Every structure is written in structure tokens, then in C-alpha cells.
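Single-structure report; data block below.
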Amino acid sequence: MKDDFVKYQAQTSPYPLALQVSHAKGSYIYDTEGNAHLDFVAGVSACTLGHCHPNVVNAIKKQADSYMHVMVYGEYIQEIALNYAKALAAILPKPLESTYLVNSGTEAVEGALKLARKYTGRSEIIAAKKAYHGNTMGSLSLMGLEERKAPFRPLIPDVNYITFNNIKDLEKITTRTATVILETIQGGAGFIVPQEDYLKKVKERCQEVGALLILDEIQPGFGRTGKWFAFEHYNCIPDILVIGKGMASGMPVGAFSSSATIMNSLKSNPKLGHITTFGGNPVIAAASLATLITLQKEDLISKSIEKEALIRKLLKHSLIKEIRGKGLMLALIVDNETIANDLILQSAKENLILFWLLFEPKAIRISPPLTISNKEIEQGCSIILSILDRYLQ
């Protein structure tokens with residue numbers, strides 16, 4: 001199977017982990033040899049409710065029995081997608097009342113950028129250095145690391161950069177600026193959280209010059225940081241919100257939300273300002289709605305802060321220099337890249353799934369399902385500490 005995997009499926013790196021998956025349930029992924037792998041990554045923050053949560057599976061089956069794809073986004077009224085958009089509006093602060101459902105986080109970023117340029121009539125986009133917003137051409141254009149962009153140039157023009165948490169850089173936001181796009185918590189850079197009312201000050205500067213603020217909550221959204229959305233921690237409501245990953249608990253999805261006034265910019269001049277075939281797919285919408293309802297009923301969001309405290313309490317070791325992030329979006333920072341790589345690879349051999357971050361080589365990702373139990377957290381942390389102890393020896 002590994003030989004066929006390399007031969008027939010396009011590869012993203014020279015050395016894939018190549019775990020041969022049989023099935024997955026709860027906090028575990030099972031390989032074809034029957035081994036249970038404790039998942040501390042959740043599909044890179046995508047499986048909010050763990051693997052194959054019965055509420056999500058049942059919602060998918062029920063909708064698939066009624067109908068699946070029937071028409072491109074925006075033409076037919078599909079009750080499940082409408083119900084999801086209404087439920088989302090109920091948990092979002094005003095004026096984020098209108099949601100455009102798409103296929104992925106990176107498409108949501110593309111739509112948000114187009115919306116901001118269309119509404120403001122301006123072209124300049126300001127992103128943060130070491131940002132990660134996806135890999136399509138528009139999203140890639142926002143990335144602040146030239147070595148990752150260079151092979152794919154030319155990218156979209158008029159993109160400039162500020163340093164996350166640097167207040168002085170806000171002077172670069174001017175009346176030329178259509179939008180500032182930031183991750184509420186920088187992911188690939190190492191789970192960097194905003195400091196000293198940074199996001200609030202960015203929003204104030206945008207309001208001064210007539211620019212729109214886009215916050216990318218693709219990774220921290222849907223309870224991962226202890227609030228529905230991470231911006232709620234920082235007293236800053238964006239003009240456009242970008243979401244994805246965990247909103248459908250393992251199904252491919254994305255969306256961007258804004259006020260009806262701003263969103264209506266995509267309706268005319270030209271019509272079909274953004275179009276998508278499978279956006280708002282009813283099966284995906286069913287999974288999204290089941291995820292949202294389950295998060296509401298099972299009080300998983302507030303518990304993510306308690307689980308963060310447990311992880312921080314357990315993972316004390318001389319080789320762990322810092323634990324960054326919030327809730328169940330955490331990164332262990334160790335002394336060097338070698339230790340990080342060894343910990344991730346050795347954990348895999350001991351049936352614990354950890355993963356890397358894109359731009360911080362000394363970081364190890366810990367982003368388990370919100371449904372993970374305290375016992376499972378203790379089990380995983382014990383494996384990490386054991387490996388680090390052996391590393392010292």
C-alpha cells in the first residue's frame with residue numbers, strides 16, 4: 001500500500017508519515033495492524049468533536065438519504081444550509097449576520113479578500129509577517145516568507161506586511177489600504193497570541209482610515225481556545241470573519257461572514273462576484289450544524305480551558321522552554337529543531353500523534369479533539385515526558 005500511495009497519490013513532502021489508516025473513533029486513529037494511535041492533533045485542528053462523533057455521522061447519513069448536491073451555491077433554498085447560517089448568526093456578534101459557505105478555509109480567504117477590495121474600492125492588502133492563510137494563489141500571496149512564495153511568482157500585487165504585535169507598524173495602514181488580514185492567533189508562526197490590546201488597536205486604525213479588518217479564525221474557531229471564536233478574548237470584532245477546519249468536525253468546509261451591507265457587494269457589478277459549485281453542500285452543512293449544536297449542548301468550549309490547564313500542569317520538563325497558545329491550540333517550544341523532530345517521530349512509534357508547525361521548527365503541535373478526556377490527556381503527556389527523559393539520558 002505504501003508503494004502505491006507514493007506512486008498514485010501526489011505527495012506533499014519527501015517523507016510522509018504514511019500511517020495506514022483502518023478506522024478512527026473518538027480520540028484514536030487505528031492502523032491496519034490494529035494499533036490505536038492517540039490523536040493529539042485532530043487532523044490539524046479539524047476534528048473538533050473527535051473522529052466519527054455519532055451526532056455528526058447521523059446528521060450526514062440523514063441528509064445523504066434526502067439529497068446531496070443539487071445546484072451551485074446561492075440559487076436554491078436548501079433548508080439545512082439555511083439553518084446552519086441562521087445558527088451561526090445567533091452565536092456571532094453583530095454585525096456578522098451574513099455568511100457565505102464555501103469549500104475550504106483557503107477559499108474563504110480568497111472570498112474575503114475579494115469582498116474587501118470590492119467594498120472599499122481599494123487594492124492594498126496588509127498581512128502579517130510569518131502569516132499562514134492557505135495555499136491558493138491569493139492566500140499564498142499573503143504569506144510573509146519569501147522562500148515559500150518565490151517558486152510560484154508572480155502572485156497577486158499590492159500586498160504589504162506588518163509585524164504581529166508591533167504597534168508602531170500600524171502606521172503602515174493608510175487610506176490606500178483595502179484590508180488588513182490577520183490570524184487571531186498566529187498558527188504556523190508558533191501559536192503567537194495577541195498582546196496588549198493589539199487586535200483592538202488594529203481595528204481602531206482600520207476604522208480611522210476606512211479599511212476593513214479580516215480575522216482568520218480557520219484554526220482557533222469553534223471553541224478551540226475556550227470561546228466560540230478567539231477574537232472574543234481580545235475585545236475585537238472583525239469586519240469580515242474567515243472560518244473553516246473545525247466547523248464541520250472532519251468534513252471539508254469553509255466560510256466567511258460579514259454584515260449584510262458589506263456582503264451585498266458581491267451581488268452586483270458584476271453579478272456572481274464570488275461563485276462556488278459545492279459551497280453550502282447540504283451534507284457538509286448537516287455536519288456543520290451537528291457540530292455547532294453538540295458544542296452548545298455538551299459544554300465542550302469552556303472545558304477546553306480546563307484541559308489546557310491540565311496539559312500545562314503535566315508538561316513540565318527541562319527540555320520544554322515554553323507552551324504557547326490558548327485552550328486546546330497549544331505548541332510546545334523546545335531548545336532546537338532536532339529535539340522537536342525526534343519527539344514527534346518517536347511519539348509516532350509509541351502510538352501518540354503529534355505534528356509540526358509550518359514556520360517554527362522548535363515547536364510541537366498539541367491540538368487534540370475538544371472531546372478528549374482528562375485520562376487521555378494524561379496518557380499522551382506521560383508518553384511525551386518519557387521520551388524527553390530518555391532524550392536527556
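All residue names refer to the C-alpha cells as shown: chains lettered A, B, ... in order, residues numbered from 1 in each chain, ligands numbered from 1 in order.
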Residues near A:Ala24, cut-off 12 Å, only C-alpha atoms, skip fewer than 5 positions along chain, as a PyMOL selection string: chain A and resi 29-32+34-39+42-43+47+50-53+250
A:Asp3: which residues within 12 Å, counting only C-alpha atoms, same-chain residues fewer than 3 positions away excluded, as JSON, numbers by chain? {"A": [6, 7, 8, 9, 16, 18, 20]}
Have a look at A:Lys118, A:Glu183, A:Leu17, A:Val202 and name the one nearest to A:Pro270; count only C-alpha atoms.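 Among A:Lys118, A:Glu183, A:Leu17, A:Val202, it is A:Lys118 that comes nearest to A:Pro270.
Once stretch 272-281 of chain A and its same-chain neighbours fewer than 5 positions away are set aside, A:Met68, A:His69, A:Met71, A:Val72, A:Tyr73, A:Ala81, A:Tyr100, A:Leu101, A:Val102, A:Asn103, A:Gly111, A:Lys114, A:Val253, A:Ser265, A:Leu266, A:Lys267 remain within 8 Å of it when counting only C-alpha atoms.
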Could you take the residues named above and write them with C-alpha atoms, as a CSV table (one decimal), in the first residue's frame?
chain,number,residue,atom,x,y,z
A,68,MET,CA,-26.8,15.8,-1.7
A,69,HIS,CA,-25.6,18.3,-4.3
A,71,MET,CA,-27.3,23.2,-7.5
A,72,VAL,CA,-24.4,25.6,-7.3
A,73,TYR,CA,-24.3,27.9,-4.3
A,81,ALA,CA,-27.6,25.2,4.8
A,100,TYR,CA,-21.1,32.8,2.5
A,101,LEU,CA,-20.4,29.0,2.7
A,102,VAL,CA,-17.5,27.7,0.7
A,103,ASN,CA,-15.4,24.5,0.4
A,111,GLY,CA,-13.6,35.3,-1.0
A,114,LYS,CA,-12.3,39.9,-3.0
A,253,VAL,CA,-15.6,23.2,4.7
A,265,SER,CA,-21.1,44.0,-2.5
A,266,LEU,CA,-20.7,40.6,-4.2
A,267,LYS,CA,-24.2,40.6,-5.7
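Shortest atom-to-atom contact with A:Gln346 among A:Ser45, A:Thr371, A:Ser386, A:Thr261: A:Ser386, counting only C-alpha atoms.
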Sorted by chain and rising residue number, which residues of stretch 136-251 of chain A lie within 8 Å of stretch 120-128 of chain A, and what are their closest atom pairs and distances in Å to one decimal, counting only C-alpha atoms, as JSON lines?
{"residue": "A:Leu142", "atom": "CA", "partner": "A:Ala127", "partner_atom": "CA", "distance": 5.8}
{"residue": "A:Met143", "atom": "CA", "partner": "A:Ala127", "partner_atom": "CA", "distance": 7.7}
{"residue": "A:Gly144", "atom": "CA", "partner": "A:Ala128", "partner_atom": "CA", "distance": 6.6}
{"residue": "A:Asp158", "atom": "CA", "partner": "A:Glu124", "partner_atom": "CA", "distance": 5.0}
{"residue": "A:Val159", "atom": "CA", "partner": "A:Ile125", "partner_atom": "CA", "distance": 4.8}
{"residue": "A:Asn160", "atom": "CA", "partner": "A:Ile126", "partner_atom": "CA", "distance": 4.8}
{"residue": "A:Tyr161", "atom": "CA", "partner": "A:Ala127", "partner_atom": "CA", "distance": 5.0}
{"residue": "A:Ile162", "atom": "CA", "partner": "A:Ala128", "partner_atom": "CA", "distance": 4.9}
{"residue": "A:Thr163", "atom": "CA", "partner": "A:Ala128", "partner_atom": "CA", "distance": 5.4}
{"residue": "A:Phe164", "atom": "CA", "partner": "A:Ala128", "partner_atom": "CA", "distance": 5.7}
{"residue": "A:Ile173", "atom": "CA", "partner": "A:Ile126", "partner_atom": "CA", "distance": 7.5}
{"residue": "A:Arg176", "atom": "CA", "partner": "A:Glu124", "partner_atom": "CA", "distance": 6.1}
{"residue": "A:Thr177", "atom": "CA", "partner": "A:Glu124", "partner_atom": "CA", "distance": 4.6}
{"residue": "A:Ala178", "atom": "CA", "partner": "A:Arg122", "partner_atom": "CA", "distance": 4.8}
{"residue": "A:Thr179", "atom": "CA", "partner": "A:Ile125", "partner_atom": "CA", "distance": 5.2}
{"residue": "A:Val180", "atom": "CA", "partner": "A:Ile126", "partner_atom": "CA", "distance": 4.7}
{"residue": "A:Ile181", "atom": "CA", "partner": "A:Ala127", "partner_atom": "CA", "distance": 5.2}
{"residue": "A:Leu182", "atom": "CA", "partner": "A:Ala127", "partner_atom": "CA", "distance": 6.1}
{"residue": "A:Gly210", "atom": "CA", "partner": "A:Thr120", "partner_atom": "CA", "distance": 7.8}
{"residue": "A:Ala211", "atom": "CA", "partner": "A:Thr120", "partner_atom": "CA", "distance": 7.1}
{"residue": "A:Leu212", "atom": "CA", "partner": "A:Thr120", "partner_atom": "CA", "distance": 7.9}
Written selection (N, CA and C atoms) as a compact mmCIF listing (two decimals), in the first residue's frame:
# COMPACT_ATOMS: atom_id res chain seq x y z
N LEU A 142 -0.30 36.23 0.65
CA LEU A 142 -0.28 36.86 1.97
C LEU A 142 0.85 36.33 2.85
N MET A 143 1.44 35.24 2.46
CA MET A 143 2.45 34.59 3.28
C MET A 143 3.70 35.46 3.37
N GLY A 144 4.21 35.63 4.58
CA GLY A 144 5.34 36.52 4.78
C GLY A 144 6.69 35.86 4.70
N ASP A 158 0.30 44.27 -4.74
CA ASP A 158 -0.14 45.26 -3.73
C ASP A 158 -0.43 44.62 -2.38
N VAL A 159 0.44 43.68 -1.99
CA VAL A 159 0.37 43.08 -0.66
C VAL A 159 1.58 43.56 0.14
N ASN A 160 1.34 44.13 1.29
CA ASN A 160 2.42 44.60 2.16
C ASN A 160 2.27 43.99 3.55
N TYR A 161 3.30 44.17 4.39
CA TYR A 161 3.38 43.40 5.63
C TYR A 161 3.64 44.26 6.85
N ILE A 162 3.05 43.80 7.96
CA ILE A 162 3.35 44.36 9.27
C ILE A 162 3.80 43.20 10.17
N THR A 163 4.41 43.55 11.29
CA THR A 163 4.83 42.53 12.25
C THR A 163 3.75 42.37 13.31
N PHE A 164 3.32 41.15 13.51
CA PHE A 164 2.27 40.84 14.50
C PHE A 164 2.71 41.34 15.88
N ILE A 173 -0.88 51.18 7.83
CA ILE A 173 -2.28 51.06 7.40
C ILE A 173 -2.77 52.46 7.06
N ARG A 176 -4.95 54.03 1.53
CA ARG A 176 -4.78 53.15 0.36
C ARG A 176 -5.21 51.72 0.68
N THR A 177 -5.32 51.41 1.96
CA THR A 177 -5.49 50.02 2.39
C THR A 177 -6.94 49.57 2.27
N ALA A 178 -7.15 48.50 1.53
CA ALA A 178 -8.48 47.89 1.47
C ALA A 178 -8.76 47.09 2.72
N THR A 179 -7.77 46.29 3.13
CA THR A 179 -8.00 45.39 4.25
C THR A 179 -6.69 45.02 4.93
N VAL A 180 -6.80 44.78 6.22
CA VAL A 180 -5.74 44.13 6.99
C VAL A 180 -6.27 42.75 7.34
N ILE A 181 -5.49 41.72 7.02
CA ILE A 181 -5.90 40.36 7.34
C ILE A 181 -4.89 39.76 8.31
N LEU A 182 -5.40 39.27 9.43
CA LEU A 182 -4.56 38.69 10.47
C LEU A 182 -5.18 37.39 10.96
N GLY A 210 -10.65 53.85 7.08
CA GLY A 210 -11.67 53.28 6.20
C GLY A 210 -11.32 51.93 5.62
N ALA A 211 -10.38 51.21 6.25
CA ALA A 211 -10.03 49.86 5.81
C ALA A 211 -10.86 48.83 6.58
N LEU A 212 -10.97 47.63 6.04
CA LEU A 212 -11.69 46.55 6.71
C LEU A 212 -10.70 45.61 7.39
Check which residues of stretch 250-345 of chain A sit at most 10 Å from stretch 184-198 of chain A using only C-alpha atoms, and return one row each with the closest pair of atoms and their distance in Å to one decimal, ordered by chain and rising number, as JSON lines.
{"residue": "A:Ile323", "atom": "CA", "partner": "A:Phe191", "partner_atom": "CA", "distance": 9.2}
{"residue": "A:Arg324", "atom": "CA", "partner": "A:Phe191", "partner_atom": "CA", "distance": 5.8}
{"residue": "A:Gly325", "atom": "CA", "partner": "A:Phe191", "partner_atom": "CA", "distance": 5.0}
{"residue": "A:Lys326", "atom": "CA", "partner": "A:Val193", "partner_atom": "CA", "distance": 7.8}
{"residue": "A:Met329", "atom": "CA", "partner": "A:Phe191", "partner_atom": "CA", "distance": 7.5}
{"residue": "A:Leu330", "atom": "CA", "partner": "A:Phe191", "partner_atom": "CA", "distance": 6.8}
{"residue": "A:Ala331", "atom": "CA", "partner": "A:Phe191", "partner_atom": "CA", "distance": 6.4}
{"residue": "A:Leu332", "atom": "CA", "partner": "A:Gly190", "partner_atom": "CA", "distance": 8.9}
{"residue": "A:Ile333", "atom": "CA", "partner": "A:Gly190", "partner_atom": "CA", "distance": 8.3}
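Ranking A:Leu354, A:Ala112, A:Leu388, A:Gly26 by their shortest atom-to-atom distance to A:Asp335, with only C-alpha atoms included, puts A:Leu388 first.
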What is the distance, in Å and to one decimal place, between atom CA of A:Val283 and atom CA of A:Val41?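 Computed distance, atom CA of A:Val283 to atom CA of A:Val41, equals 24.4 Å.
Of the residues under consideration (A:Asn83, A:Gln11, A:Asn374, A:Ser139), A:Asn83 shows the shortest atom-to-atom contact distance to A:Leu289 when counting only C-alpha atoms.
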Rank A:Lys130, A:Val209, A:Leu357, A:Gly74 by their smallest atom-to-atom distance to A:Glu147, using only C-alpha atoms, and report the top residue only.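 The closest residue to A:Glu147 is A:Lys130.
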Using only C-alpha atoms, which residue out of A:Phe40, A:Gln296, A:Arg117, A:Ser66 lies closest to A:Ile384?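 Closest to A:Ile384 of all the choices is A:Phe40.
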